[in-house]
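What follows is a set of notes on a single structure, which appears directly below.
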Amino acid sequence: MPVPPPASYALANRLAVLLNKNPQDFLRADFLKLIADLGLERITFHYTAADGKLKELKIPVATIEQADSVLADGERVDGSSLFKGMIDAAQSDLYVVPSYRTAFLNPFDDHSLDFVCRYVTRDGAPAPFAPDNILAKADAKLREATGYELQALGEIEFFLFSDRSKTLFPAQRQQGYHGSAPFLKCGPVLNEMVRHITQISGAVKYAHGEVGFIDSLPSDWEEINDKRGEQMEIEFLPRPIAEMADDVVLGRWLIRNVAYRHGLTATFTPKLDEGLAGNGLHFHLQLVKNGKNVMTIPDGSLSEAARRVVGGLCRYAESLTAFGNTVASSYLRLVPNQEAPTYVCWSDLNRSALIRVPLGWTNKRHLSGLINPQDQDSILAKNGRQTVELRSPDGSALVHLLLSGICMSVDWAFDDARNKLDGEGPLELAERLYVKGNVASNPELRRRLPALPGSCVASARLLREQRGLYERDGIFPASVIDGVADLLEKENDADLAHTLAEMPADERPLAARRAMHKDLHKH
């Protein structure tokens with residue numbers, strides 16, 4: 001049955017409403033008419049490069065013929081600049097070709113029609129080293145091999161830094177979780193971010209203040225020195241995993257731009273100060289088959305398919321840090337008692353575990369009837385909402401590559417001919433690595449669990465050792481594995497934690513902040 005066009009709700013996709021059709025049905029002719037009707041002056045192409053950031057190319061529209069050509073054939077870019085170290089300058093030309101489904105009206109430029117693009121080689125094939133194409137291959141392989149669709153939702157955590165001119169209603173350090181005005185000062189800015197991300201992606205679940213709050217942060221960086229820092233979170237709704245990667249990268253671009261226009265600094269850097277909450281980028285995952293969430297069985301417990309997902313994540317967890325934790329400060333966030341994982345394990349509702357099984361409304365429907373007994377109207381049966389959450393990634397993550405690795409982990413978990421060769425299958429792994437209680441406070445438990453790597457250098461070593469997990473079936477090119485490992489090794493942080501621990505108490509905070517703040521805007 002075809003999906004009806006979106007209604008004109010305040011936060012509905014503006015293009016979908018104007019064109020009276022869903023984004024997956026957008027055509028080139030629709031955009032040509034829109035350009036003429038709205039008097040748009042330019043087309044802007046966006047694409048994710050090796051550094052994980054969104055790039056852009058502005059193309060002025062002088063004639064409809066020109067716009068038609070650009071929308072049909074894309075444009076050329078210098079791949080050797082976008083993917084340094086991964087492709088040779090002698091063969092660097094790439095095409096960037098718009099994905100019509102991603103079209104949006106730029107909220108910061110009234111005269112621009114924007115698209116997220118895909119990279120194409122001179123031969124007209126998807127560029128094999130491009131992160132978005134790697135994810136598309138991994139996703140397609142998983143669907144073909146298992147019959148399941150893997151969906152993801154990301155949780156973007158970030159700090160907003162502002163001047164401390166307003167001293168009324170001060171908040172307390174590390175007590176910003178779900179804070180409200182007037183204690184939370186940047187709520188209106190957060191509202192604006194949510195509005196733009198929702199109108200473009202339609203994928204925002206909610207937003208709130210997070211734990212981290214600091215009234216004044218010393219720093220060598222003028223942007224944040226002596227500024228007030230409020231931590232925020234924007235959580236998405238589940239989407240097919242390749243779509244979620246684009247949504248998260250685009251979301252970070254929108255967050256930065258809204259902050260900039262308000263004279264604020266937004267940063268996703270993993271850690272800003274010792275004892276201050278870090279910026280995670282957790283991902284919830286769910287398997288879908290025939291449109292149905294298949295993560296639970298009728299009694300509410302996890303299905304075998306869900307436990308396989310958990311086992312696959314456990315198998316890949318150590319090397320996944322190479323894509324999800326890519327700067328030195330990432331490993332200053334992964335410390336005990338900071339709601340960040342340090343060991344490979346999973347648990348129910350447990351925020352000290354690497355993989356958490358959160359509440360999922362399992363066998364619990366119409367809870368409002370308990371609170372509002374006057375309203376007993378039943379609601380339509382909805383799809384299951386159970387997910388499993390991977391809690392190790394942070395704001396430095398190379399999102400498309402990380403989600404590609406996650407796809408590979410789930411594919412491995414369902415390939416018994418392959419995973420049995422590893423000596424321990426996904427269900428056995430899941431059974432062995434299930435825990436209860438706080439991992440950090442249980443020495444005996446910690447002794448039997450594999451530890452996550454403690455530095456970028458260690459993550460690079462694990463990635464090189466386990467590269468076969470990613471290169472199998474031609475999904476990850478060898479050049480990408482080597483390129484990521486090289487970038488990690490350049491952090492030169494093998495002894496950072498030990499060096500900081502040995503410093504005198506009066507010197508350590510300054511040295512730690514310098515290590516953390518150097519990556520303020522790296523990804």
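Quick note on naming: the chains in the structure tokens go A, B, ... in the order shown, residues restart at 1 in each chain, and ligands are numbered from 1 in order of appearance.
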
#### Entry: Picked from range 130-193 of chain A by DSSP as helix (DSSP H, G or I), as a ChimeraX atom specification
/A:131-146,187-193

Please, could you write that set of residues out with C-alpha atoms as a CSV table (one decimal), in the first residue's frame?
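The result, written out as part-v8.csv:
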chain,number,residue,atom,x,y,z
A,131,PRO,CA,32.4,5.6,3.8
A,132,ASP,CA,28.8,5.9,2.6
A,133,ASN,CA,29.3,3.3,-0.1
A,134,ILE,CA,31.1,0.9,2.3
A,135,LEU,CA,28.0,1.1,4.5
A,136,ALA,CA,25.7,0.6,1.6
A,137,LYS,CA,27.6,-2.6,0.7
A,138,ALA,CA,27.6,-3.9,4.3
A,139,ASP,CA,23.9,-3.2,4.6
A,140,ALA,CA,23.0,-4.9,1.3
A,141,LYS,CA,25.1,-8.0,2.2
A,142,LEU,CA,23.4,-8.3,5.6
A,143,ARG,CA,19.9,-8.0,4.1
A,144,GLU,CA,20.7,-10.6,1.4
A,145,ALA,CA,22.3,-13.0,3.7
A,146,THR,CA,19.8,-12.9,6.6
A,187,GLY,CA,17.0,25.5,25.9
A,188,PRO,CA,15.8,27.9,23.1
A,189,VAL,CA,18.9,27.1,21.0
A,190,LEU,CA,18.3,23.4,21.5
A,191,ASN,CA,14.7,23.9,20.3
A,192,GLU,CA,16.0,25.5,17.1
A,193,MET,CA,18.4,22.6,16.5

Compile a residue-level contact table for range 99-189 of chain A against range 239-263 of chain A at a cut-off of 9 Å, reporting for every qualifying residue the shortest atom pair and its distance in Å to one decimal, with only C-alpha atoms counted, rows ordered by chain and ascending number, as CSV.
residue,atom,partner,partner_atom,distance
A:Thr102,CA,A:Asp246,CA,8.8
A:Pro107,CA,A:Leu254,CA,8.9
A:Phe108,CA,A:Asn257,CA,8.1
A:Val116,CA,A:Asp246,CA,7.9
A:Asp132,CA,A:Ala242,CA,7.5
A:Leu135,CA,A:Ala242,CA,6.3
A:Ala136,CA,A:Ala242,CA,6.3
A:Asp139,CA,A:Ala242,CA,7.2
A:Glu149,CA,A:Pro240,CA,7.1
A:Leu150,CA,A:Ile241,CA,6.1
A:Gln151,CA,A:Pro240,CA,4.3
A:Ala152,CA,A:Ile241,CA,5.1
A:Leu153,CA,A:Arg239,CA,6.4
A:Gly154,CA,A:Val248,CA,6.8
A:Glu155,CA,A:Val248,CA,8.6
A:Ile156,CA,A:Val248,CA,7.5
A:Leu160,CA,A:Ala259,CA,7.5
A:Phe161,CA,A:Ala259,CA,8.9
A:Ser162,CA,A:Gly263,CA,7.7
A:Val189,CA,A:Ala259,CA,7.2

### Message
Env of Glu230 in chain A: 9 Å cut, atoms = only C-alpha atoms, seq-sep filter 3 positions within chain, self excluded. Answer as an MDAnalysis selection string.
### Response
chainID A and resid 158:162 176 184:186 209:215

Saved selection, atoms kept: C-alpha atoms, as an mmCIF file, in the first residue's frame:
data_model
loop_
_atom_site.group_PDB
_atom_site.id
_atom_site.type_symbol
_atom_site.label_atom_id
_atom_site.label_comp_id
_atom_site.auth_asym_id
_atom_site.auth_seq_id
_atom_site.Cartn_x
_atom_site.Cartn_y
_atom_site.Cartn_z
ATOM 1 C CA PHE A 158 27.387 17.620 22.816
ATOM 2 C CA PHE A 159 28.338 20.610 24.930
ATOM 3 C CA LEU A 160 27.166 24.150 24.211
ATOM 4 C CA PHE A 161 29.509 26.851 25.523
ATOM 5 C CA SER A 162 28.257 30.367 26.204
ATOM 6 C CA GLY A 176 22.292 18.915 34.138
ATOM 7 C CA LEU A 184 19.210 25.350 31.728
ATOM 8 C CA LYS A 185 20.108 28.469 29.751
ATOM 9 C CA CYS A 186 20.407 27.112 26.179
ATOM 10 C CA GLY A 209 19.779 18.453 28.898
ATOM 11 C CA GLU A 210 22.401 15.830 29.729
ATOM 12 C CA VAL A 211 24.387 15.248 32.924
ATOM 13 C CA GLY A 212 27.370 17.436 32.116
ATOM 14 C CA PHE A 213 27.302 21.021 33.370
ATOM 15 C CA ILE A 214 30.244 23.226 34.235
ATOM 16 C CA ASP A 215 30.048 26.885 35.190
#

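Note that CA of Ala397 in chain A and CA of Phe45 in chain A are 22.5 Å apart.
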
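Considering the residues A:Glu471, A:Glu304, A:Glu502, A:Glu389 and counting only C-alpha atoms, Glu431 in chain A has its shortest atom-to-atom contact with A:Glu304.
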
### Query
Which neighbours of Arg351 in chain A fall inside 12 Å, counting only C-alpha atoms, when residues of the same chain fewer than 6 positions from it are skipped, and could you give them as a PyMOL selection string?
chain A and resi 282+336-342+345+357-358+388-392+435-440

### Summary
Restricting to only C-alpha atoms, whichever of A:His523, A:Arg308, A:Arg356, A:His178 is closest to Phe323 in chain A is A:His523

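Among the candidate residues A:Arg513, A:His284, A:Lys53, A:Lys364, the one lying nearest to Leu500 in chain A is A:Arg513, with distances computed using only C-alpha atoms.
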
Could you pull the residues within 7 Å of His208 in chain A, counting only C-alpha atoms, minus those fewer than 4 positions along the same chain, as a PDB file with C-alpha atoms, in the first residue's frame?
ATOM      1  CA  HIS A 178      16.924  16.744  31.987  1.00  0.00           C
ATOM      2  CA  MET A 232      22.693  18.398  25.534  1.00  0.00           C
ATOM      3  CA  GLU A 233      21.433  15.283  23.800  1.00  0.00           C
ATOM      4  CA  ILE A 234      19.359  14.811  20.657  1.00  0.00           C
TER       5      ILE A 234
END

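From CA of Tyr119 in chain A back to CA of Glu75 in chain A, the distance works out to 10.0 Å.
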
### Query
Which residues, written as an MDAnalysis selection string, have at least one atom at most 12 Å from Val335 in chain A, with only C-alpha atoms counted and residues fewer than 2 positions away on the same chain left out?
chainID A and resid 270:271 274:278 329:333 337:343 352:354 392 439:440 451:455 497

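Among the candidates A:Pro477, A:Pro60, A:Gly423, A:Gly311, the residue lying nearest to Leu401 in chain A is A:Pro477 (atoms considered: only C-alpha atoms).
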
### Task
Considering only C-alpha atoms, return as an MDAnalysis selection string whatever protein or nucleic-acid residues lie within 12 Å of Leu469 in chain A, sequence-local ones (same chain, fewer than 3 positions apart) excluded.
chainID A and resid 138 312:313 315:320 404:413 418:419 422 462:466 472:478 481

#### Entry: Shortest interatomic distance to Thr198 in chain A - which of A:Leu496, A:Leu429, A:Val480, A:Ala12, counting only C-alpha atoms
A:Ala12

### Task
Output as JSON, numbers by chain all residues of range 180-411 of chain A that backbone DSSP marks as strand (DSSP E or B).
{"A": [204, 205, 206, 207, 208, 209, 210, 211, 212, 213, 214, 215, 216, 217, 227, 228, 229, 230, 231, 232, 233, 234, 235, 236, 239, 240, 265, 266, 267, 280, 281, 282, 283, 284, 285, 286, 287, 288, 289, 292, 293, 296, 302, 343, 346, 347, 348, 355, 356, 357, 388, 389, 390, 394]}

Output C-alpha atoms for every residue in that selection, as a PDB file, in the first residue's frame.
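Just written: part31.pdb:
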ATOM      1  CA  VAL A 204      14.144  13.087  15.976  1.00  0.00           C
ATOM      2  CA  LYS A 205      12.720  11.263  18.974  1.00  0.00           C
ATOM      3  CA  TYR A 206      13.456  13.842  21.665  1.00  0.00           C
ATOM      4  CA  ALA A 207      16.026  16.234  23.111  1.00  0.00           C
ATOM      5  CA  HIS A 208      17.067  17.135  26.646  1.00  0.00           C
ATOM      6  CA  GLY A 209      19.779  18.453  28.898  1.00  0.00           C
ATOM      7  CA  GLU A 210      22.401  15.830  29.729  1.00  0.00           C
ATOM      8  CA  VAL A 211      24.387  15.248  32.924  1.00  0.00           C
ATOM      9  CA  GLY A 212      27.370  17.436  32.116  1.00  0.00           C
ATOM     10  CA  PHE A 213      27.302  21.021  33.370  1.00  0.00           C
ATOM     11  CA  ILE A 214      30.244  23.226  34.235  1.00  0.00           C
ATOM     12  CA  ASP A 215      30.048  26.885  35.190  1.00  0.00           C
ATOM     13  CA  SER A 216      33.572  27.743  34.038  1.00  0.00           C
ATOM     14  CA  LEU A 217      36.103  25.668  32.120  1.00  0.00           C
ATOM     15  CA  LYS A 227      32.755  29.751  29.406  1.00  0.00           C
ATOM     16  CA  ARG A 228      29.689  28.011  30.777  1.00  0.00           C
ATOM     17  CA  GLY A 229      29.219  24.515  29.350  1.00  0.00           C
ATOM     18  CA  GLU A 230      25.812  22.826  29.140  1.00  0.00           C
ATOM     19  CA  GLN A 231      25.589  19.274  27.835  1.00  0.00           C
ATOM     20  CA  MET A 232      22.693  18.398  25.534  1.00  0.00           C
ATOM     21  CA  GLU A 233      21.433  15.283  23.800  1.00  0.00           C
ATOM     22  CA  ILE A 234      19.359  14.811  20.657  1.00  0.00           C
ATOM     23  CA  GLU A 235      18.111  11.266  20.165  1.00  0.00           C
ATOM     24  CA  PHE A 236      16.826   9.953  16.857  1.00  0.00           C
ATOM     25  CA  ARG A 239      15.837   4.294  10.680  1.00  0.00           C
ATOM     26  CA  PRO A 240      17.493   1.909   8.218  1.00  0.00           C
ATOM     27  CA  THR A 265      30.372  26.849  20.453  1.00  0.00           C
ATOM     28  CA  ALA A 266      29.070  23.303  20.040  1.00  0.00           C
ATOM     29  CA  THR A 267      31.551  20.474  20.501  1.00  0.00           C
ATOM     30  CA  GLY A 280      28.994   9.664  23.834  1.00  0.00           C
ATOM     31  CA  LEU A 281      27.450   8.749  20.506  1.00  0.00           C
ATOM     32  CA  HIS A 282      25.521   5.651  21.487  1.00  0.00           C
ATOM     33  CA  PHE A 283      23.647   3.622  18.900  1.00  0.00           C
ATOM     34  CA  HIS A 284      20.521   1.557  19.514  1.00  0.00           C
ATOM     35  CA  LEU A 285      19.956  -1.322  17.106  1.00  0.00           C
ATOM     36  CA  GLN A 286      16.933  -3.355  16.111  1.00  0.00           C
ATOM     37  CA  LEU A 287      16.307  -6.100  13.593  1.00  0.00           C
ATOM     38  CA  VAL A 288      13.214  -5.802  11.406  1.00  0.00           C
ATOM     39  CA  LYS A 289      11.631  -8.458   9.212  1.00  0.00           C
ATOM     40  CA  LYS A 292       8.149  -6.013  12.312  1.00  0.00           C
ATOM     41  CA  ASN A 293      10.663  -5.606  15.132  1.00  0.00           C
ATOM     42  CA  THR A 296      11.657 -10.185  21.456  1.00  0.00           C
ATOM     43  CA  LEU A 302      15.139 -11.341  23.867  1.00  0.00           C
ATOM     44  CA  TYR A 343      34.903  -4.072  29.400  1.00  0.00           C
ATOM     45  CA  TRP A 346      26.164  -6.794  28.185  1.00  0.00           C
ATOM     46  CA  SER A 347      23.326  -6.456  30.644  1.00  0.00           C
ATOM     47  CA  ASP A 348      19.737  -5.349  31.175  1.00  0.00           C
ATOM     48  CA  ILE A 355      25.833  -3.273  25.525  1.00  0.00           C
ATOM     49  CA  ARG A 356      22.622  -2.364  27.340  1.00  0.00           C
ATOM     50  CA  VAL A 357      19.165  -3.821  26.841  1.00  0.00           C
ATOM     51  CA  VAL A 388      20.023  -3.094  22.186  1.00  0.00           C
ATOM     52  CA  GLU A 389      22.378  -0.170  22.774  1.00  0.00           C
ATOM     53  CA  LEU A 390      26.103   0.000  22.008  1.00  0.00           C
ATOM     54  CA  ASP A 394      31.714   8.851  21.190  1.00  0.00           C
TER      55      ASP A 394
END
